[in-house]
Amino acid sequence: MTDTTVPRHTDTPPDLPQWIAARSDAELIKAMSLRPDLTAPPPASLAVLAGRAEQRRSILHTADTLDTLALTVLEILAIEEAYERPVTRAALLAVVAKRAPAKSVDKALAQLRERLLVWGDASGFRISATAADAVPWRIGRALDPVDNLTESHITAALAELGDGERNLLDTLARSSPTGRTRDAAPGTPPDRPVQKLLAAGLLIWLDEQTVELPVQVGQILRGEPMSDPRSLAEPKLPTKTQSLTDVDAAAAGEALELGRHCALIIEALSASPAPALKAGGLGVRELRKVTKASGLDDDRVSILVELLAAAHLISSGTPDPVPTSDTGDDYWAPTPAVDAWLTAAPAARWHTLASAWLEVPRAPWVIGMRDPNDKPIAALSEEVRSPAAPRDRRMILELLAELGSGHSAEPADLARTLAWRRPRWSGRFGVTPVGHVVAEATALGIVARGAMSTPGRSLLHDGNAEADMRAALPQPIDYVLVQADLTLVAPGPLEPDLHDRIELVADVESAGAATMYRISDTSLRRALDVGLSASELHALFATHSRTPVPQALTYLIDDVARRHGRLRAGVASSFVRCEDPALLAEVMASPAAESLALRALAPTVAISQAPLAEVLTVLAGAGFAPAGEDSSGTIVDLRARGSRVSARRPRQTFRTPAVPTEEQLGSLVRGMRAADRAAGNAGAVVRADGSRASSTATMTLLQTAAKVKRSVSIGYVDAQGVATHRIVDPISIGGGQLDAFDPATGGVRRFTLHRITSVALVE
């Protein structure tokens with residue numbers, strides 16, 4: 001549809017190869033930096049560069065970076081047939097005059113010209129024939145009359161539909177919005193579903209066999225925020241403002257919880273490695289075992305095991321030691337790297353996990369959803385892999401970062417803006433995926449209260465994120481509050497050494513900004529088992545408690561210490577000794593002696609073939625309180641270190657393409673210009689009159705022949721070096737290839753341009 005009243009440029013502008021050759025070095029460097037795929041491998045000449053710039057795959061790739069306005073300009077140029085003839089700036093502005101200011105259109109044209117998708121100037125713009133394929137909607141939508149669809153109208157109309165009409169709309173909303181049906185033809189009974197939907201304004205009639213689902217209706221059906229598809233202005237993003245100090249404090253709290261919860265999962269997998277599925281993931285049953293052991297919920301564990309795997313802190317393989325119930329399959333277990341991570345500072349632990357999440361090509365939020373076979377997607381499985389996830393995360397976080405410090409926005413509003421900025425990716429920026437990504441970033445402390453935290457912003461922009469998180473975390477304290485009910489409270493994060501000792505003598509009851517611990521016989525015995533004495537325990541609480549130490553705790557420590565270690569076990573494989581013959585006699589008379597095959601050597605000594613750890617476990621289970629000792633009689637720490645598995649090298653499935661530097665691109669441009677100058681003397685095609693034509697002139701001649709449908713005579717050397725002459729009818733030229741109809745064979749043949757030795761129009 002062309003407005004004949006609008007002036008159209010009639011002079012033929014240069015074709016893309018000529019236009020590229022006339023660009024400055026700086027313009028070519030800019031174009032190749034925006035389209036780095038054009039440089040791999042380095043093009044030999046500007047003609048080769050032009051051929052690549054017109055390839056459909058390259059055009060679609062660079063169109064992914066364009067916003068709605070730029071793609072609409074490209075659509076209008078396609079409607080005006082700019083691939084056949086030039087379209088003036090005036091003609092373009094006449095179509096969008098009421099929808100976008102001229103300044104915005106000029107900016108969009110500049111973006112398209114920078115990317116070599118449009119060439120020419122205000123007197124006439126041109127595009128490649130394949131450029132229209134980059135528009136992600138129906139060509140011609142820009143000229144549709146303005147509709148009056150509102151959210152309330154659509155919702156009311158949908159509520160009145162029957163199952164048949166609703167199923168038809170749902171199908172179009174999930175797939176292509178365009179549908180083919182005979183019921184669109186005039187004269188079809190009005191009670192047919194398609195006719196009802198057309199009458200309600202929920203379908204658009206295109207022709208007698210084609211209907212289209214309006215964009216707004218599809219958005220409502222998919223639960224997305226409604227937006228005007230014809231709007232050429234970026235949607236305004238509503239924001240809320242809050243204190244950056246509060247945001248960073250909330251992020252620090254999430255970072256502390258993240259480290260604690262990951263340590264619980266590591267402990268659970270260390271004690272009991274989880275068998276891997278045959279497909280490599282973590283089954284629902286095994287995930288629930290980890291959930292039960294760690295005390296977390298399924299969703300939290302699903303995300304955290306993905307984080308730990310991304311950071312190479314857990315992996316699948318054969319653990320050491322091998323589980324007693326080993327079936328020969330792989331197990332998910334911690335890697336040796338976890339030992340250093342567990343002892344690192346909280347900020348360092350956070351940075352390891354957060355940076356891994358930012359770059360991992362996986363989408364943990366899909367865990368638990370149904371796959372195409374209606375089976376739940378397992379954690380750590382291949383179904384969670386998403387090569388585009390790192391790029392999508394960065395785009396969402398970059399938009400949040402643009403809002404400024406302390407500014408937050410709702411996921412629905414973020415999704416609407418992202419869909420306008422990247423309409424070709426709108427399916428990946430729906431409310432659901434954007435909301436899940438923001439939720440994951442919140443769980444990591446990158447986002448807090450809907451806004452980017454200072455450590456998160458530094459992580460995104462390659463700053464010192466670890467130092468920023470260290471500053472946001474509360475300063476470690478060196479005291480606790482012991483209470484009369486044998487609980488103690490840590491009102492903040494403890495210093496590392498004190499934290500380790502408190503974790504040894506007490507069990508966590510609740511965690512958060514303040515952590516509550518419970519002291520019991522078992523926890524005190526655990527401390528005595530690793531060599532602490534009663535006097536050291538008394539000193540620990542007396543030194544670090546800001547409240548008076550309860551008398552009940554003093555008595556409990558003395559009572560447990562009095563009973564602890566009266567019975568001694570060693571290695572013989574292992575031995576049991578006791579200064580009290582009556583106590584050893586009691587042990588020998590118990591069922592534990594039979595299970596351990598204890599044999600008395602003296603009234604105070606017995607030996608066993610069982611390992612020392614097993615002897616201690618069985619005797620403790622029988623009600624005794626043994627202590628382990630080494631050959632010198634010193635109490636030894638026999639706590640299990642857990643299983644470890646070697647980390648597997650991650651499979652590379654997504655790699656961000658390297659962008660050449662400006663210096664490299666400058667060198668490449670100089671090389672292409674030198675090659676074109678040389679082609680003017682040595683590599684030119686011979687015309688019929690014996691003169692030489694440059695490769696650009698050859699391309700122009702062949703393109704002209706294709707447009708005016710003229711036959712040409714070409715000389716051609718095939719891959720075997722056989723030279724032939726033939727007359728063909730050119731169809732299209734691009735990507736270094738000529739597609740032409742060959743009357744000799746009666747079919748279309750493809751010729752490589754650099755193998756053409758001569759060309760001339762046939763009269």
# chains A, B, ... in the order shown; residues from 1 in each chain; ligands from 1
$ residues_around --residues "A:Asp64" --least-positions-apart "5" --cutoff "12 Å" --atoms "only C-alpha atoms" --output "list in words"
Leu34, Arg35, Arg57, Ser58, Ile59, Ala70, Leu71, Arg115, Asp133, Ala134, Val135, Pro136, Ala419, Trp420, Arg421, Arg422, Pro423, Arg424, Trp425 and Ser426 of chain A
$ write_last_selection --atoms "C-alpha atoms" --output "compact mmCIF listing (two decimals), in the first residue's frame"
# COMPACT_ATOMS: atom_id res chain seq x y z
CA LEU A 34 27.51 -3.80 16.00
CA ARG A 35 27.48 -6.90 13.78
CA ARG A 57 20.80 -15.28 9.15
CA SER A 58 23.00 -12.26 9.82
CA ILE A 59 20.08 -9.86 9.34
CA ALA A 70 13.33 0.57 14.48
CA LEU A 71 11.53 -2.62 13.41
CA ARG A 115 23.94 -1.88 11.13
CA ASP A 133 11.88 -11.33 7.55
CA ALA A 134 13.32 -9.59 10.62
CA VAL A 135 9.96 -7.99 11.49
CA PRO A 136 8.41 -10.26 14.16
CA ALA A 419 9.11 -6.47 25.24
CA TRP A 420 9.11 -3.02 23.59
CA ARG A 421 12.90 -2.82 23.57
CA ARG A 422 13.36 -6.34 22.19
CA PRO A 423 10.14 -7.34 20.41
CA ARG A 424 11.83 -10.29 18.70
CA TRP A 425 12.49 -11.70 22.20
CA SER A 426 9.13 -10.75 23.72
$ residues_around --residues "stretch 197-202 of chain A" --least-positions-apart "2" --cutoff "9 Å" --atoms "only C-alpha atoms" --output "list of chain:residue names"
A:Leu149, A:Ile154, A:Ala157, A:Leu158, A:Leu161, A:Glu165, A:Leu169, A:Ala184, A:Pro190, A:Arg192, A:Pro193, A:Val194, A:Gln195, A:Ile204, A:Trp205, A:Val211, A:Glu212, A:Leu213, A:Pro214, A:Val217
$ closest_residue --among "A:Ala490, A:Ser458, A:Val360, A:Asp392" --to "A:Gly427" --atoms "only C-alpha atoms"
A:Asp392
$ select_by_dssp --residues "stretch 453-496 of chain A" --states "alpha helix (DSSP H)" --output "count of residues only"
16
$ atom_distance --atom1 "atom CA of A:Ala597" --atom2 "atom CA of A:Ala625"
18.7 Å
$ atom_distance --atom1 "atom CA of A:Val482" --atom2 "atom CA of A:Ile557"
13.9 Å
$ atom_distance --atom1 "atom CA of A:Pro336" --atom2 "atom CA of A:Ala511"
26.9 Å
$ residues_around --residues "A:Val645" --least-positions-apart "4" --cutoff "10 Å" --atoms "only C-alpha atoms" --output "ChimeraX atom specification"
/A:270,273,313-322,330-337
$ write_last_selection --atoms "N, CA, C and O atoms" --output "PDB file, in the first residue's frame"
ATOM      1  N   SER A 270      27.021 -34.363  51.702  1.00  0.00           N
ATOM      2  CA  SER A 270      28.281 -34.923  52.171  1.00  0.00           C
ATOM      3  C   SER A 270      28.032 -36.174  52.995  1.00  0.00           C
ATOM      4  O   SER A 270      28.726 -37.184  52.849  1.00  0.00           O
ATOM      5  N   PRO A 273      25.431 -38.876  49.831  1.00  0.00           N
ATOM      6  CA  PRO A 273      25.399 -38.492  48.414  1.00  0.00           C
ATOM      7  C   PRO A 273      24.118 -38.972  47.744  1.00  0.00           C
ATOM      8  O   PRO A 273      23.632 -40.067  48.021  1.00  0.00           O
ATOM      9  N   LEU A 313      30.693 -26.484  43.303  1.00  0.00           N
ATOM     10  CA  LEU A 313      30.818 -26.920  44.696  1.00  0.00           C
ATOM     11  C   LEU A 313      30.187 -28.282  44.900  1.00  0.00           C
ATOM     12  O   LEU A 313      30.476 -28.953  45.899  1.00  0.00           O
ATOM     13  N   ILE A 314      29.297 -28.694  44.005  1.00  0.00           N
ATOM     14  CA  ILE A 314      28.809 -30.071  43.968  1.00  0.00           C
ATOM     15  C   ILE A 314      28.886 -30.543  42.525  1.00  0.00           C
ATOM     16  O   ILE A 314      28.879 -29.736  41.592  1.00  0.00           O
ATOM     17  N   SER A 315      28.969 -31.842  42.350  1.00  0.00           N
ATOM     18  CA  SER A 315      29.055 -32.410  41.010  1.00  0.00           C
ATOM     19  C   SER A 315      28.597 -33.853  41.077  1.00  0.00           C
ATOM     20  O   SER A 315      28.400 -34.415  42.162  1.00  0.00           O
ATOM     21  N   SER A 316      28.410 -34.462  39.922  1.00  0.00           N
ATOM     22  CA  SER A 316      28.032 -35.876  39.874  1.00  0.00           C
ATOM     23  C   SER A 316      29.235 -36.709  39.477  1.00  0.00           C
ATOM     24  O   SER A 316      30.071 -36.278  38.684  1.00  0.00           O
ATOM     25  N   GLY A 317      29.319 -37.885  40.043  1.00  0.00           N
ATOM     26  CA  GLY A 317      30.433 -38.790  39.775  1.00  0.00           C
ATOM     27  C   GLY A 317      30.481 -39.868  40.831  1.00  0.00           C
ATOM     28  O   GLY A 317      29.500 -40.114  41.544  1.00  0.00           O
ATOM     29  N   THR A 318      31.624 -40.513  40.959  1.00  0.00           N
ATOM     30  CA  THR A 318      31.812 -41.550  41.975  1.00  0.00           C
ATOM     31  C   THR A 318      32.449 -40.911  43.195  1.00  0.00           C
ATOM     32  O   THR A 318      33.587 -40.459  43.145  1.00  0.00           O
ATOM     33  N   PRO A 319      31.720 -40.836  44.317  1.00  0.00           N
ATOM     34  CA  PRO A 319      32.245 -40.142  45.497  1.00  0.00           C
ATOM     35  C   PRO A 319      33.287 -40.966  46.235  1.00  0.00           C
ATOM     36  O   PRO A 319      33.389 -42.182  46.055  1.00  0.00           O
ATOM     37  N   ASP A 320      34.066 -40.285  47.029  1.00  0.00           N
ATOM     38  CA  ASP A 320      35.073 -40.920  47.881  1.00  0.00           C
ATOM     39  C   ASP A 320      34.834 -40.456  49.318  1.00  0.00           C
ATOM     40  O   ASP A 320      34.930 -39.263  49.615  1.00  0.00           O
ATOM     41  N   PRO A 321      34.476 -41.338  50.253  1.00  0.00           N
ATOM     42  CA  PRO A 321      34.347 -42.781  50.061  1.00  0.00           C
ATOM     43  C   PRO A 321      33.062 -43.160  49.327  1.00  0.00           C
ATOM     44  O   PRO A 321      32.111 -42.388  49.319  1.00  0.00           O
ATOM     45  N   VAL A 322      33.055 -44.353  48.734  1.00  0.00           N
ATOM     46  CA  VAL A 322      31.891 -44.844  48.007  1.00  0.00           C
ATOM     47  C   VAL A 322      30.801 -45.208  49.002  1.00  0.00           C
ATOM     48  O   VAL A 322      31.071 -45.851  50.021  1.00  0.00           O
ATOM     49  N   ASP A 330      26.322 -42.839  39.126  1.00  0.00           N
ATOM     50  CA  ASP A 330      26.887 -41.582  39.615  1.00  0.00           C
ATOM     51  C   ASP A 330      26.072 -41.056  40.789  1.00  0.00           C
ATOM     52  O   ASP A 330      24.884 -41.353  40.933  1.00  0.00           O
ATOM     53  N   TYR A 331      26.728 -40.238  41.626  1.00  0.00           N
ATOM     54  CA  TYR A 331      26.078 -39.612  42.773  1.00  0.00           C
ATOM     55  C   TYR A 331      26.362 -38.116  42.735  1.00  0.00           C
ATOM     56  O   TYR A 331      27.412 -37.676  42.266  1.00  0.00           O
ATOM     57  N   TRP A 332      25.403 -37.340  43.242  1.00  0.00           N
ATOM     58  CA  TRP A 332      25.625 -35.915  43.459  1.00  0.00           C
ATOM     59  C   TRP A 332      26.210 -35.731  44.847  1.00  0.00           C
ATOM     60  O   TRP A 332      25.625 -36.160  45.841  1.00  0.00           O
ATOM     61  N   ALA A 333      27.391 -35.121  44.915  1.00  0.00           N
ATOM     62  CA  ALA A 333      28.096 -34.950  46.187  1.00  0.00           C
ATOM     63  C   ALA A 333      28.975 -33.706  46.096  1.00  0.00           C
ATOM     64  O   ALA A 333      29.252 -33.196  44.999  1.00  0.00           O
ATOM     65  N   PRO A 334      29.420 -33.183  47.234  1.00  0.00           N
ATOM     66  CA  PRO A 334      30.315 -32.011  47.207  1.00  0.00           C
ATOM     67  C   PRO A 334      31.645 -32.333  46.540  1.00  0.00           C
ATOM     68  O   PRO A 334      32.106 -33.480  46.530  1.00  0.00           O
ATOM     69  N   THR A 335      32.275 -31.310  45.994  1.00  0.00           N
ATOM     70  CA  THR A 335      33.598 -31.442  45.392  1.00  0.00           C
ATOM     71  C   THR A 335      34.652 -30.993  46.413  1.00  0.00           C
ATOM     72  O   THR A 335      34.322 -30.353  47.421  1.00  0.00           O
ATOM     73  N   PRO A 336      35.917 -31.281  46.178  1.00  0.00           N
ATOM     74  CA  PRO A 336      36.958 -30.817  47.116  1.00  0.00           C
ATOM     75  C   PRO A 336      36.982 -29.300  47.306  1.00  0.00           C
ATOM     76  O   PRO A 336      37.421 -28.807  48.338  1.00  0.00           O
ATOM     77  N   ALA A 337      36.482 -28.542  46.303  1.00  0.00           N
ATOM     78  CA  ALA A 337      36.492 -27.080  46.412  1.00  0.00           C
ATOM     79  C   ALA A 337      35.599 -26.579  47.534  1.00  0.00           C
ATOM     80  O   ALA A 337      35.734 -25.437  47.980  1.00  0.00           O
TER      81      ALA A 337
END
$ residues_around --residues "A:Phe541" --least-positions-apart "2" --cutoff "12 Å" --atoms "only C-alpha atoms" --output "mmCIF file with C-alpha atoms, in the first residue's frame"
data_model
loop_
_atom_site.group_PDB
_atom_site.id
_atom_site.type_symbol
_atom_site.label_atom_id
_atom_site.label_comp_id
_atom_site.auth_asym_id
_atom_site.auth_seq_id
_atom_site.Cartn_x
_atom_site.Cartn_y
_atom_site.Cartn_z
ATOM 1 C CA ASP A 478 32.500 -11.461 69.506
ATOM 2 C CA TYR A 479 29.771 -12.105 72.042
ATOM 3 C CA VAL A 480 26.577 -14.091 72.632
ATOM 4 C CA LEU A 481 23.689 -13.877 75.079
ATOM 5 C CA VAL A 482 23.315 -17.052 77.183
ATOM 6 C CA GLN A 483 19.816 -17.493 78.633
ATOM 7 C CA LEU A 486 20.053 -23.201 78.031
ATOM 8 C CA THR A 487 19.628 -21.258 74.823
ATOM 9 C CA LEU A 488 22.003 -18.612 73.565
ATOM 10 C CA LEU A 498 33.725 -17.892 67.709
ATOM 11 C CA ARG A 501 33.120 -22.965 68.495
ATOM 12 C CA ILE A 502 29.479 -22.022 69.108
ATOM 13 C CA VAL A 505 28.827 -26.683 71.474
ATOM 14 C CA ALA A 506 25.245 -25.794 70.490
ATOM 15 C CA ILE A 519 22.787 -26.253 74.379
ATOM 16 C CA ALA A 534 35.246 -28.729 80.846
ATOM 17 C CA SER A 535 37.407 -25.783 81.902
ATOM 18 C CA GLU A 536 37.642 -24.613 78.274
ATOM 19 C CA LEU A 537 33.867 -24.772 77.926
ATOM 20 C CA HIS A 538 33.394 -22.762 81.107
ATOM 21 C CA ALA A 539 35.903 -20.205 79.838
ATOM 22 C CA THR A 543 34.443 -14.831 78.154
ATOM 23 C CA HIS A 544 31.928 -14.368 75.328
ATOM 24 C CA SER A 545 28.550 -14.135 77.070
ATOM 25 C CA ARG A 546 27.248 -10.617 77.700
ATOM 26 C CA THR A 547 24.742 -12.112 80.147
ATOM 27 C CA PRO A 548 25.558 -14.048 83.336
ATOM 28 C CA VAL A 549 26.200 -17.723 82.698
ATOM 29 C CA PRO A 550 23.242 -19.665 84.179
ATOM 30 C CA GLN A 551 24.060 -22.058 86.990
ATOM 31 C CA LEU A 553 24.689 -24.566 82.276
ATOM 32 C CA THR A 554 27.640 -24.782 84.677
ATOM 33 C CA ILE A 557 28.945 -28.952 81.629
#
$ closest_residue --among "A:Leu665, A:Ile76, A:Ala471, A:Ala344" --to "A:Ala40" --atoms "only C-alpha atoms"
A:Leu665
$ closest_residue --among "A:Arg113, A:Ala50, A:Arg174, A:Pro36" --to "A:Leu74" --atoms "only C-alpha atoms"
A:Arg113
$ closest_residue --among "A:Val728, A:Leu567, A:Leu400, A:Met672" --to "A:Pro43" --atoms "only C-alpha atoms"
A:Met672
$ residues_around --residues "stretch 706-710 of chain A" --least-positions-apart "6" --cutoff "9 Å" --atoms "only C-alpha atoms" --output "ChimeraX atom specification"
/A:84,728-733,740,761-763
$ select_by_dssp --residues "stretch 209-260 of chain A" --states "strand (DSSP E)" --output "ChimeraX atom specification"
/A:210-212,240-241
$ residues_around --residues "stretch 402-408 of chain A" --least-positions-apart "4" --cutoff "12 Å" --atoms "only C-alpha atoms" --output "PyMOL selection string"
chain A and resi 236-250+394-398+413-414+438+447-458+460-461
$ write_last_selection --atoms "N, CA, C and O atoms" --output "short mmCIF file (atom, residue, chain, number, x, y, z; two decimals), in the first residue's frame"
data_model
loop_
_atom_site.label_atom_id
_atom_site.label_comp_id
_atom_site.auth_asym_id
_atom_site.auth_seq_id
_atom_site.Cartn_x
_atom_site.Cartn_y
_atom_site.Cartn_z
N LYS A 236 6.27 4.06 29.66
CA LYS A 236 6.80 4.65 30.89
C LYS A 236 6.84 3.58 31.98
O LYS A 236 5.90 2.80 32.12
N LEU A 237 7.91 3.57 32.74
CA LEU A 237 8.13 2.53 33.75
C LEU A 237 7.86 3.11 35.13
O LEU A 237 8.67 3.88 35.66
N PRO A 238 6.72 2.76 35.75
CA PRO A 238 6.45 3.26 37.11
C PRO A 238 7.46 2.69 38.10
O PRO A 238 7.79 1.50 38.06
N THR A 239 7.94 3.52 39.00
CA THR A 239 8.94 3.08 39.98
C THR A 239 8.56 3.53 41.38
O THR A 239 7.74 4.43 41.56
N LYS A 240 9.17 2.88 42.35
CA LYS A 240 9.05 3.27 43.75
C LYS A 240 10.45 3.57 44.27
O LYS A 240 11.43 2.95 43.83
N THR A 241 10.54 4.47 45.21
CA THR A 241 11.84 4.88 45.75
C THR A 241 11.92 4.50 47.22
O THR A 241 10.96 4.67 47.97
N GLN A 242 13.06 3.97 47.62
CA GLN A 242 13.30 3.63 49.02
C GLN A 242 14.77 3.84 49.35
O GLN A 242 15.60 4.06 48.45
N SER A 243 15.08 3.76 50.62
CA SER A 243 16.45 4.03 51.07
C SER A 243 17.41 2.95 50.56
O SER A 243 17.14 1.76 50.70
N LEU A 244 18.52 3.39 49.98
CA LEU A 244 19.53 2.44 49.52
C LEU A 244 20.12 1.68 50.70
O LEU A 244 20.49 0.50 50.57
N THR A 245 20.19 2.33 51.87
CA THR A 245 20.70 1.65 53.06
C THR A 245 19.82 0.46 53.42
O THR A 245 20.32 -0.63 53.74
N ASP A 246 18.50 0.65 53.34
CA ASP A 246 17.57 -0.45 53.63
C ASP A 246 17.70 -1.56 52.58
O ASP A 246 17.61 -2.74 52.91
N VAL A 247 17.89 -1.16 51.33
CA VAL A 247 18.05 -2.15 50.25
C VAL A 247 19.29 -3.00 50.49
O VAL A 247 19.25 -4.24 50.41
N ASP A 248 20.40 -2.35 50.80
CA ASP A 248 21.65 -3.08 51.01
C ASP A 248 21.58 -3.95 52.27
O ASP A 248 22.15 -5.05 52.32
N ALA A 249 20.89 -3.46 53.29
CA ALA A 249 20.74 -4.26 54.51
C ALA A 249 19.93 -5.53 54.23
O ALA A 249 20.27 -6.62 54.72
N ALA A 250 18.86 -5.39 53.45
CA ALA A 250 18.06 -6.57 53.09
C ALA A 250 18.88 -7.53 52.23
O ALA A 250 18.78 -8.76 52.39
N ARG A 394 20.99 -10.52 32.32
CA ARG A 394 21.68 -9.23 32.27
C ARG A 394 20.75 -8.13 31.75
O ARG A 394 20.81 -6.99 32.23
N MET A 395 19.91 -8.43 30.78
CA MET A 395 19.01 -7.41 30.26
C MET A 395 18.01 -6.97 31.33
O MET A 395 17.71 -5.78 31.48
N ILE A 396 17.48 -7.92 32.09
CA ILE A 396 16.54 -7.59 33.16
C ILE A 396 17.23 -6.77 34.24
O ILE A 396 16.71 -5.75 34.70
N LEU A 397 18.41 -7.20 34.65
CA LEU A 397 19.13 -6.49 35.70
C LEU A 397 19.62 -5.12 35.22
O LEU A 397 19.65 -4.16 35.99
N GLU A 398 20.01 -5.03 33.96
CA GLU A 398 20.45 -3.73 33.42
C GLU A 398 19.30 -2.73 33.44
O GLU A 398 19.50 -1.55 33.73
N ASP A 413 5.74 -4.44 34.87
CA ASP A 413 6.18 -3.22 34.18
C ASP A 413 7.54 -3.43 33.51
O ASP A 413 7.79 -2.91 32.42
N LEU A 414 8.42 -4.19 34.16
CA LEU A 414 9.70 -4.52 33.54
C LEU A 414 9.48 -5.32 32.26
O LEU A 414 10.13 -5.08 31.23
N VAL A 438 13.82 -12.11 38.71
CA VAL A 438 13.93 -11.13 39.80
C VAL A 438 13.90 -11.85 41.14
O VAL A 438 14.64 -11.49 42.07
N VAL A 447 19.33 -8.34 44.08
CA VAL A 447 18.18 -7.43 44.14
C VAL A 447 17.58 -7.54 45.53
O VAL A 447 17.53 -8.64 46.10
N ALA A 448 17.12 -6.44 46.09
CA ALA A 448 16.45 -6.45 47.39
C ALA A 448 15.34 -5.42 47.37
O ALA A 448 15.55 -4.29 46.90
N ARG A 449 14.17 -5.83 47.83
CA ARG A 449 13.00 -4.95 47.85
C ARG A 449 12.71 -4.40 46.46
O ARG A 449 12.27 -3.26 46.30
N GLY A 450 12.97 -5.20 45.43
CA GLY A 450 12.67 -4.82 44.06
C GLY A 450 13.68 -3.92 43.40
O GLY A 450 13.52 -3.55 42.23
N ALA A 451 14.74 -3.52 44.11
CA ALA A 451 15.75 -2.60 43.56
C ALA A 451 17.11 -3.27 43.55
O ALA A 451 17.37 -4.21 44.30
N MET A 452 17.99 -2.78 42.68
CA MET A 452 19.35 -3.31 42.64
C MET A 452 20.10 -2.89 43.89
O MET A 452 20.11 -1.72 44.28
N SER A 453 20.76 -3.85 44.54
CA SER A 453 21.61 -3.53 45.68
C SER A 453 22.96 -3.04 45.19
O SER A 453 23.33 -3.23 44.02
N THR A 454 23.69 -2.40 46.07
CA THR A 454 25.02 -1.91 45.69
C THR A 454 25.95 -3.06 45.29
O THR A 454 26.62 -2.98 44.25
N PRO A 455 26.01 -4.17 46.05
CA PRO A 455 26.84 -5.30 45.59
C PRO A 455 26.34 -5.88 44.27
O PRO A 455 27.14 -6.28 43.42
N GLY A 456 25.02 -5.92 44.08
CA GLY A 456 24.48 -6.44 42.83
C GLY A 456 24.85 -5.58 41.64
O GLY A 456 25.19 -6.09 40.57
N ARG A 457 24.81 -4.27 41.82
CA ARG A 457 25.19 -3.36 40.74
C ARG A 457 26.68 -3.53 40.39
O ARG A 457 27.06 -3.52 39.22
N SER A 458 27.50 -3.68 41.41
CA SER A 458 28.93 -3.89 41.16
C SER A 458 29.17 -5.21 40.44
O SER A 458 30.03 -5.30 39.55
N LEU A 460 27.14 -6.71 38.39
CA LEU A 460 26.68 -6.56 37.02
C LEU A 460 27.65 -5.78 36.17
O LEU A 460 27.84 -6.07 34.98
N HIS A 461 28.29 -4.78 36.77
CA HIS A 461 29.17 -3.89 36.02
C HIS A 461 30.65 -4.14 36.28
O HIS A 461 31.48 -3.25 36.10
#
$ closest_residue --among "A:Thr432, A:Ala345, A:Leu277, A:Val87" --to "A:Glu382" --atoms "only C-alpha atoms"
A:Leu277
$ decode --residues "stretch 538-569 of chain A" --atoms "C-alpha atoms" --output "PDB file, in the first residue's frame"
ATOM      1  CA  HIS A 538      33.394 -22.762  81.107  1.00  0.00           C
ATOM      2  CA  ALA A 539      35.903 -20.205  79.838  1.00  0.00           C
ATOM      3  CA  LEU A 540      34.164 -19.989  76.450  1.00  0.00           C
ATOM      4  CA  PHE A 541      30.836 -18.932  77.936  1.00  0.00           C
ATOM      5  CA  ALA A 542      32.350 -16.778  80.677  1.00  0.00           C
ATOM      6  CA  THR A 543      34.443 -14.831  78.154  1.00  0.00           C
ATOM      7  CA  HIS A 544      31.928 -14.368  75.328  1.00  0.00           C
ATOM      8  CA  SER A 545      28.550 -14.135  77.070  1.00  0.00           C
ATOM      9  CA  ARG A 546      27.248 -10.617  77.700  1.00  0.00           C
ATOM     10  CA  THR A 547      24.742 -12.112  80.147  1.00  0.00           C
ATOM     11  CA  PRO A 548      25.558 -14.048  83.336  1.00  0.00           C
ATOM     12  CA  VAL A 549      26.200 -17.723  82.698  1.00  0.00           C
ATOM     13  CA  PRO A 550      23.242 -19.665  84.179  1.00  0.00           C
ATOM     14  CA  GLN A 551      24.060 -22.058  86.990  1.00  0.00           C
ATOM     15  CA  ALA A 552      22.181 -24.781  85.142  1.00  0.00           C
ATOM     16  CA  LEU A 553      24.689 -24.566  82.276  1.00  0.00           C
ATOM     17  CA  THR A 554      27.640 -24.782  84.677  1.00  0.00           C
ATOM     18  CA  TYR A 555      26.179 -27.912  86.289  1.00  0.00           C
ATOM     19  CA  LEU A 556      25.387 -29.456  82.900  1.00  0.00           C
ATOM     20  CA  ILE A 557      28.945 -28.952  81.629  1.00  0.00           C
ATOM     21  CA  ASP A 558      30.426 -30.490  84.791  1.00  0.00           C
ATOM     22  CA  ASP A 559      28.011 -33.441  84.723  1.00  0.00           C
ATOM     23  CA  VAL A 560      28.628 -34.286  81.058  1.00  0.00           C
ATOM     24  CA  ALA A 561      32.394 -33.853  81.466  1.00  0.00           C
ATOM     25  CA  ARG A 562      32.399 -36.088  84.569  1.00  0.00           C
ATOM     26  CA  ARG A 563      30.825 -38.954  82.639  1.00  0.00           C
ATOM     27  CA  HIS A 564      32.670 -38.281  79.384  1.00  0.00           C
ATOM     28  CA  GLY A 565      35.875 -40.148  78.704  1.00  0.00           C
ATOM     29  CA  ARG A 566      35.748 -42.549  81.629  1.00  0.00           C
ATOM     30  CA  LEU A 567      35.593 -45.185  78.957  1.00  0.00           C
ATOM     31  CA  ARG A 568      38.438 -44.941  76.408  1.00  0.00           C
ATOM     32  CA  ALA A 569      38.541 -46.565  72.960  1.00  0.00           C
TER      33      ALA A 569
END
